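Colleague: The structure file structure31.pdb (PDB, C-alpha atoms) is provided below.
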ATOM      1  CA  MET A  21       0.000   0.000   0.000  1.00  0.00           C
ATOM      2  CA  PRO A  22       1.635   3.263  -1.069  1.00  0.00           C
ATOM      3  CA  VAL A  23       1.987   6.340   1.093  1.00  0.00           C
ATOM      4  CA  ILE A  24      -0.605   8.785  -0.262  1.00  0.00           C
ATOM      5  CA  PHE A  25      -0.256  12.547  -0.546  1.00  0.00           C
ATOM      6  CA  ASP A  26      -3.530  14.285  -1.469  1.00  0.00           C
ATOM      7  CA  LYS A  27      -1.766  17.130  -3.251  1.00  0.00           C
ATOM      8  CA  PRO A  28       1.838  17.902  -4.220  1.00  0.00           C
ATOM      9  CA  ALA A  29       2.198  20.592  -1.519  1.00  0.00           C
ATOM     10  CA  ASP A  30       1.601  17.878   1.103  1.00  0.00           C
ATOM     11  CA  LEU A  31       5.073  16.549   0.274  1.00  0.00           C
ATOM     12  CA  ILE A  32       6.705  19.681   1.710  1.00  0.00           C
ATOM     13  CA  GLY A  33       8.417  18.884   4.981  1.00  0.00           C
ATOM     14  CA  LYS A  34       8.030  15.131   4.502  1.00  0.00           C
ATOM     15  CA  GLU A  35      11.712  14.389   3.974  1.00  0.00           C
ATOM     16  CA  GLY A  36      12.607  11.216   5.835  1.00  0.00           C
ATOM     17  CA  THR A  37       9.216   9.616   5.235  1.00  0.00           C
ATOM     18  CA  ALA A  38       9.713   5.873   4.817  1.00  0.00           C
ATOM     19  CA  LEU A  39       7.817   4.219   1.990  1.00  0.00           C
ATOM     20  CA  PRO A  40       6.765   0.600   2.601  1.00  0.00           C
ATOM     21  CA  ALA A  41       8.181  -2.357   0.727  1.00  0.00           C
ATOM     22  CA  THR A  42       6.439  -3.494  -2.440  1.00  0.00           C
ATOM     23  CA  GLU A  43       5.475  -7.050  -3.280  1.00  0.00           C
ATOM     24  CA  TRP A  44       8.261  -9.321  -4.524  1.00  0.00           C
ATOM     25  CA  LEU A  45       8.793  -9.585  -8.283  1.00  0.00           C
ATOM     26  CA  MET A  46      10.344 -12.691  -9.864  1.00  0.00           C
ATOM     27  CA  ILE A  47      13.103 -12.003 -12.372  1.00  0.00           C
ATOM     28  CA  ASP A  48      12.863 -14.715 -14.980  1.00  0.00           C
ATOM     29  CA  GLN A  49      14.857 -15.405 -18.126  1.00  0.00           C
ATOM     30  CA  ASP A  50      12.030 -14.251 -20.403  1.00  0.00           C
ATOM     31  CA  ARG A  51      12.114 -10.781 -18.821  1.00  0.00           C
ATOM     32  CA  VAL A  52      15.902 -10.604 -19.186  1.00  0.00           C
ATOM     33  CA  ASN A  53      15.751 -11.790 -22.804  1.00  0.00           C
ATOM     34  CA  GLY A  54      13.045  -9.234 -23.582  1.00  0.00           C
ATOM     35  CA  PHE A  55      15.164  -6.452 -22.142  1.00  0.00           C
ATOM     36  CA  ALA A  56      18.111  -7.667 -24.228  1.00  0.00           C
ATOM     37  CA  GLU A  57      15.932  -7.505 -27.354  1.00  0.00           C
ATOM     38  CA  VAL A  58      14.735  -3.984 -26.642  1.00  0.00           C
ATOM     39  CA  THR A  59      18.176  -2.602 -25.754  1.00  0.00           C
ATOM     40  CA  GLY A  60      20.397  -4.670 -28.035  1.00  0.00           C
ATOM     41  CA  ASP A  61      22.481  -5.796 -25.040  1.00  0.00           C
ATOM     42  CA  HIS A  62      22.889  -9.509 -25.693  1.00  0.00           C
ATOM     43  CA  GLN A  63      25.957 -10.060 -23.508  1.00  0.00           C
ATOM     44  CA  TRP A  64      26.247 -13.767 -22.668  1.00  0.00           C
ATOM     45  CA  ILE A  65      26.120 -13.160 -18.903  1.00  0.00           C
ATOM     46  CA  HIS A  66      22.481 -12.126 -19.431  1.00  0.00           C
ATOM     47  CA  VAL A  67      21.176 -14.354 -22.225  1.00  0.00           C
ATOM     48  CA  ASP A  68      23.335 -17.474 -22.646  1.00  0.00           C
ATOM     49  CA  VAL A  69      22.031 -19.802 -19.922  1.00  0.00           C
ATOM     50  CA  ASP A  70      24.462 -22.628 -20.703  1.00  0.00           C
ATOM     51  CA  ARG A  71      27.588 -20.477 -20.867  1.00  0.00           C
ATOM     52  CA  ALA A  72      26.585 -18.451 -17.788  1.00  0.00           C
ATOM     53  CA  LYS A  73      26.446 -21.625 -15.673  1.00  0.00           C
ATOM     54  CA  ASP A  74      30.256 -21.587 -15.766  1.00  0.00           C
ATOM     55  CA  GLY A  75      30.454 -17.804 -15.360  1.00  0.00           C
ATOM     56  CA  PRO A  76      31.182 -15.760 -12.259  1.00  0.00           C
ATOM     57  CA  PHE A  77      27.588 -15.920 -10.917  1.00  0.00           C
ATOM     58  CA  GLY A  78      26.719 -19.537 -11.698  1.00  0.00           C
ATOM     59  CA  GLY A  79      23.935 -18.490 -14.043  1.00  0.00           C
ATOM     60  CA  THR A  80      22.492 -15.584 -15.949  1.00  0.00           C
ATOM     61  CA  ILE A  81      21.923 -12.227 -14.291  1.00  0.00           C
ATOM     62  CA  ALA A  82      19.611  -9.335 -15.049  1.00  0.00           C
ATOM     63  CA  HIS A  83      21.024  -6.268 -16.747  1.00  0.00           C
ATOM     64  CA  GLY A  84      21.729  -3.499 -14.254  1.00  0.00           C
ATOM     65  CA  TYR A  85      19.607  -1.144 -16.324  1.00  0.00           C
ATOM     66  CA  LEU A  86      16.757  -3.656 -16.299  1.00  0.00           C
ATOM     67  CA  THR A  87      16.878  -3.596 -12.520  1.00  0.00           C
ATOM     68  CA  MET A  88      16.943   0.203 -12.547  1.00  0.00           C
ATOM     69  CA  SER A  89      14.046   0.399 -15.002  1.00  0.00           C
ATOM     70  CA  LEU A  90      11.918  -1.708 -12.663  1.00  0.00           C
ATOM     71  CA  VAL A  91      12.074   1.156 -10.168  1.00  0.00           C
ATOM     72  CA  ASN A  92       9.330   2.702 -12.306  1.00  0.00           C
ATOM     73  CA  PHE A  93       7.314  -0.495 -11.808  1.00  0.00           C
ATOM     74  CA  PHE A  94       7.733  -0.228  -8.019  1.00  0.00           C
ATOM     75  CA  LEU A  95       7.107   3.530  -7.582  1.00  0.00           C
ATOM     76  CA  PRO A  96       3.271   3.423  -7.741  1.00  0.00           C
ATOM     77  CA  ASP A  97       3.321   0.867  -4.918  1.00  0.00           C
ATOM     78  CA  LEU A  98       5.630   3.085  -2.843  1.00  0.00           C
ATOM     79  CA  ILE A  99       4.123   6.559  -3.219  1.00  0.00           C
ATOM     80  CA  GLU A 100       0.986   8.098  -4.689  1.00  0.00           C
ATOM     81  CA  VAL A 101       0.644  11.829  -5.203  1.00  0.00           C
ATOM     82  CA  ARG A 102      -2.820  13.093  -6.108  1.00  0.00           C
ATOM     83  CA  GLY A 103      -4.293  16.429  -7.075  1.00  0.00           C
ATOM     84  CA  PHE A 104      -1.916  17.580  -9.785  1.00  0.00           C
ATOM     85  CA  ALA A 105      -2.532  18.777 -13.313  1.00  0.00           C
ATOM     86  CA  HIS A 106       0.425  16.874 -14.709  1.00  0.00           C
ATOM     87  CA  ALA A 107       3.732  15.422 -13.604  1.00  0.00           C
ATOM     88  CA  VAL A 108       7.070  14.755 -15.254  1.00  0.00           C
ATOM     89  CA  ASN A 109       9.905  12.385 -14.567  1.00  0.00           C
ATOM     90  CA  VAL A 110      12.881  14.734 -14.249  1.00  0.00           C
ATOM     91  CA  GLY A 111      15.486  11.986 -13.983  1.00  0.00           C
ATOM     92  CA  ALA A 112      17.627  10.197 -11.469  1.00  0.00           C
ATOM     93  CA  ASP A 113      20.678  10.861  -9.332  1.00  0.00           C
ATOM     94  CA  ARG A 114      23.134   8.676  -7.457  1.00  0.00           C
ATOM     95  CA  LEU A 115      22.478   5.410  -9.249  1.00  0.00           C
ATOM     96  CA  ARG A 116      24.493   2.518  -7.824  1.00  0.00           C
ATOM     97  CA  PHE A 117      24.464  -1.171  -8.728  1.00  0.00           C
ATOM     98  CA  LEU A 118      25.572  -3.011  -5.596  1.00  0.00           C
ATOM     99  CA  ALA A 119      24.792  -6.682  -6.253  1.00  0.00           C
ATOM    100  CA  PRO A 120      23.810  -8.740  -9.302  1.00  0.00           C
ATOM    101  CA  VAL A 121      20.264 -10.014  -9.661  1.00  0.00           C
ATOM    102  CA  LYS A 122      20.462 -13.668 -10.597  1.00  0.00           C
ATOM    103  CA  VAL A 123      17.724 -14.975 -12.862  1.00  0.00           C
ATOM    104  CA  GLY A 124      15.254 -16.788 -10.632  1.00  0.00           C
ATOM    105  CA  SER A 125      15.657 -14.231  -7.842  1.00  0.00           C
ATOM    106  CA  ARG A 126      12.885 -12.076  -6.448  1.00  0.00           C
ATOM    107  CA  ILE A 127      13.308  -8.335  -5.970  1.00  0.00           C
ATOM    108  CA  ARG A 128      11.236  -5.584  -4.398  1.00  0.00           C
ATOM    109  CA  GLY A 129      11.438  -1.851  -3.885  1.00  0.00           C
ATOM    110  CA  VAL A 130      11.569   0.115  -0.662  1.00  0.00           C
ATOM    111  CA  GLY A 131      11.739   3.879  -0.557  1.00  0.00           C
ATOM    112  CA  GLU A 132      12.232   7.097   1.311  1.00  0.00           C
ATOM    113  CA  VAL A 133      11.360  10.693   0.498  1.00  0.00           C
ATOM    114  CA  VAL A 134      14.781  12.368   0.662  1.00  0.00           C
ATOM    115  CA  ALA A 135      14.124  15.863  -0.709  1.00  0.00           C
ATOM    116  CA  VAL A 136      11.200  18.127  -1.578  1.00  0.00           C
ATOM    117  CA  GLU A 137      11.358  21.639  -3.002  1.00  0.00           C
ATOM    118  CA  GLU A 138       9.307  24.162  -4.912  1.00  0.00           C
ATOM    119  CA  ILE A 139      10.630  24.696  -8.438  1.00  0.00           C
ATOM    120  CA  LYS A 140       9.108  26.844 -11.204  1.00  0.00           C
ATOM    121  CA  GLY A 141       5.508  26.583 -10.025  1.00  0.00           C
ATOM    122  CA  ALA A 142       5.797  22.904  -9.182  1.00  0.00           C
ATOM    123  CA  ILE A 143       6.717  20.632  -6.312  1.00  0.00           C
ATOM    124  CA  GLN A 144       9.746  18.455  -6.964  1.00  0.00           C
ATOM    125  CA  SER A 145      10.380  15.351  -4.912  1.00  0.00           C
ATOM    126  CA  THR A 146      13.350  13.053  -4.742  1.00  0.00           C
ATOM    127  CA  VAL A 147      12.555   9.511  -3.686  1.00  0.00           C
ATOM    128  CA  ARG A 148      15.388   7.115  -2.940  1.00  0.00           C
ATOM    129  CA  VAL A 149      14.432   3.642  -4.094  1.00  0.00           C
ATOM    130  CA  THR A 150      16.394   0.647  -2.913  1.00  0.00           C
ATOM    131  CA  VAL A 151      15.863  -2.543  -4.888  1.00  0.00           C
ATOM    132  CA  GLU A 152      16.277  -5.453  -2.507  1.00  0.00           C
ATOM    133  CA  ILE A 153      17.055  -9.043  -3.469  1.00  0.00           C
ATOM    134  CA  GLU A 154      15.237 -11.657  -1.429  1.00  0.00           C
ATOM    135  CA  GLY A 155      17.703 -13.417   0.889  1.00  0.00           C
ATOM    136  CA  SER A 156      20.579 -11.022   0.162  1.00  0.00           C
ATOM    137  CA  ASP A 157      22.279  -8.662   2.585  1.00  0.00           C
ATOM    138  CA  LYS A 158      23.170  -6.298  -0.276  1.00  0.00           C
ATOM    139  CA  PRO A 159      20.616  -4.480  -2.410  1.00  0.00           C
ATOM    140  CA  ALA A 160      20.690  -4.797  -6.179  1.00  0.00           C
ATOM    141  CA  CYS A 161      20.590  -1.070  -6.718  1.00  0.00           C
ATOM    142  CA  VAL A 162      19.892   2.260  -5.095  1.00  0.00           C
ATOM    143  CA  VAL A 163      18.715   5.274  -7.081  1.00  0.00           C
ATOM    144  CA  ASP A 164      17.306   8.708  -6.300  1.00  0.00           C
ATOM    145  CA  THR A 165      14.330   9.326  -8.601  1.00  0.00           C
ATOM    146  CA  ILE A 166      13.203  12.889  -9.253  1.00  0.00           C
ATOM    147  CA  SER A 167       9.584  13.765 -10.046  1.00  0.00           C
ATOM    148  CA  ARG A 168       7.996  17.168 -10.596  1.00  0.00           C
ATOM    149  CA  TYR A 169       4.296  17.715  -9.891  1.00  0.00           C
ATOM    150  CA  PHE A 170       2.422  20.692 -11.321  1.00  0.00           C
ATOM    151  CA  PRO A 171      -0.564  21.539  -9.057  1.00  0.00           C
ATOM    152  CA  GLU A 172      -4.064  21.871 -10.428  1.00  0.00           C
ATOM    153  CA  GLY A 173      -5.515  25.286 -11.180  1.00  0.00           C
TER     154      GLY A 173
END
Translate this structure into structure tokens?

Modeller:
Amino acid sequence: MPVIFDKPADLIGKEGTALPATEWLMIDQDRVNGFAEVTGDHQWIHVDVDRAKDGPFGGTIAHGYLTMSLVNFFLPDLIEVRGFAHAVNVGADRLRFLAPVKVGSRIRGVGEVVAVEEIKGAIQSTVRVTVEIEGSDKPACVVDTISRYFPEG
């Protein structure tokens, strides 16, 4: 269940707000292969199941950028901002890949509101999303996502 803010201005002063963990998501070979198709990144460590068995991770792993892109999948389950005319994804800061996601693993997102400011008639929030790997002490990735909400009226 996401943390809900009824309007963008309600984010002001909410730095440090913890956002609850999402449901687990299985990373399967079909997802990894699909990402390889879309991006053209067919490195064997991601797509060659037989060769990867003898590789450094004992099997195929998800692309780091696949893991990062799934942050967008997790965000609606972490935070919901209502009452805006439109919103834009401004980008991301401080992206770090800390552990590989082996195919067959489950991942989830947890978050925290780390910054909120008024910018050019909008409210901009930075949410730090940590992608956890089930059973691992190290997260797969940590990224600060930046969203800008333009209030109604």

Colleague: For the atom pair atom CA of A:Thr59 and atom CA of A:Ala41, what is the interatomic distance in Å to one decimal place?

Modeller: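 So the answer is 28.3 Å.
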
Colleague: Which residues are close to stretch 110-118 of chain A, i.e. within 7 Å by all atoms listed in the file, leaving aside same-chain residues fewer than 3 positions away? Reply as a VMD selection string.

Modeller: chain A and resid 84 158 to 168

Colleague: How far is it from atom CA of A:Asp97 to atom CA of A:Tyr85, in Å with one decimal?

Modeller: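 Those two atoms sit 20.0 Å apart.
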
Colleague: Within 9 Å of stretch 67-80 of chain A, counting all atoms listed in the file, which residues show up once you throw out same-chain ones fewer than 4 positions away? Write them as a PyMOL selection string, please.

Modeller: chain A and resi 49+52-53+56+62-63+120-123

Colleague: For A:Thr42, which residue among A:Val130, A:Ile153, A:Ala105, A:Ala142 is the nearest when counting only C-alpha atoms?

Modeller: A:Val130

Colleague: Got a sec to resolve the PyMOL selection byres ((chain A and resi 31) around 10) on this structure and send the residues as an MDAnalysis selection string?

Modeller: chainID A and resid 24:30 32:35 37 101 133 135:137 143:145

Colleague: Pick out the closest residue to A:Asn109 from this set: A:Leu86, A:Ile65, A:Val147, A:Ile127. Count all atoms listed in the file.

Modeller: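 The shortest atom-to-atom distance to A:Asn109 comes from A:Val147.
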
Colleague: Which is closest to A:Met88 among A:Ser156, A:Trp44, A:Ile139, A:Gly129, if we use only C-alpha atoms?

Modeller: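 Checking each candidate against A:Met88, we get A:Gly129 as the closest.
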
Colleague: Please measure the separation of atom CA of A:Gly155 and atom CA of A:Ala119, giving the value in Å to one decimal.

Modeller: 12.1 Å
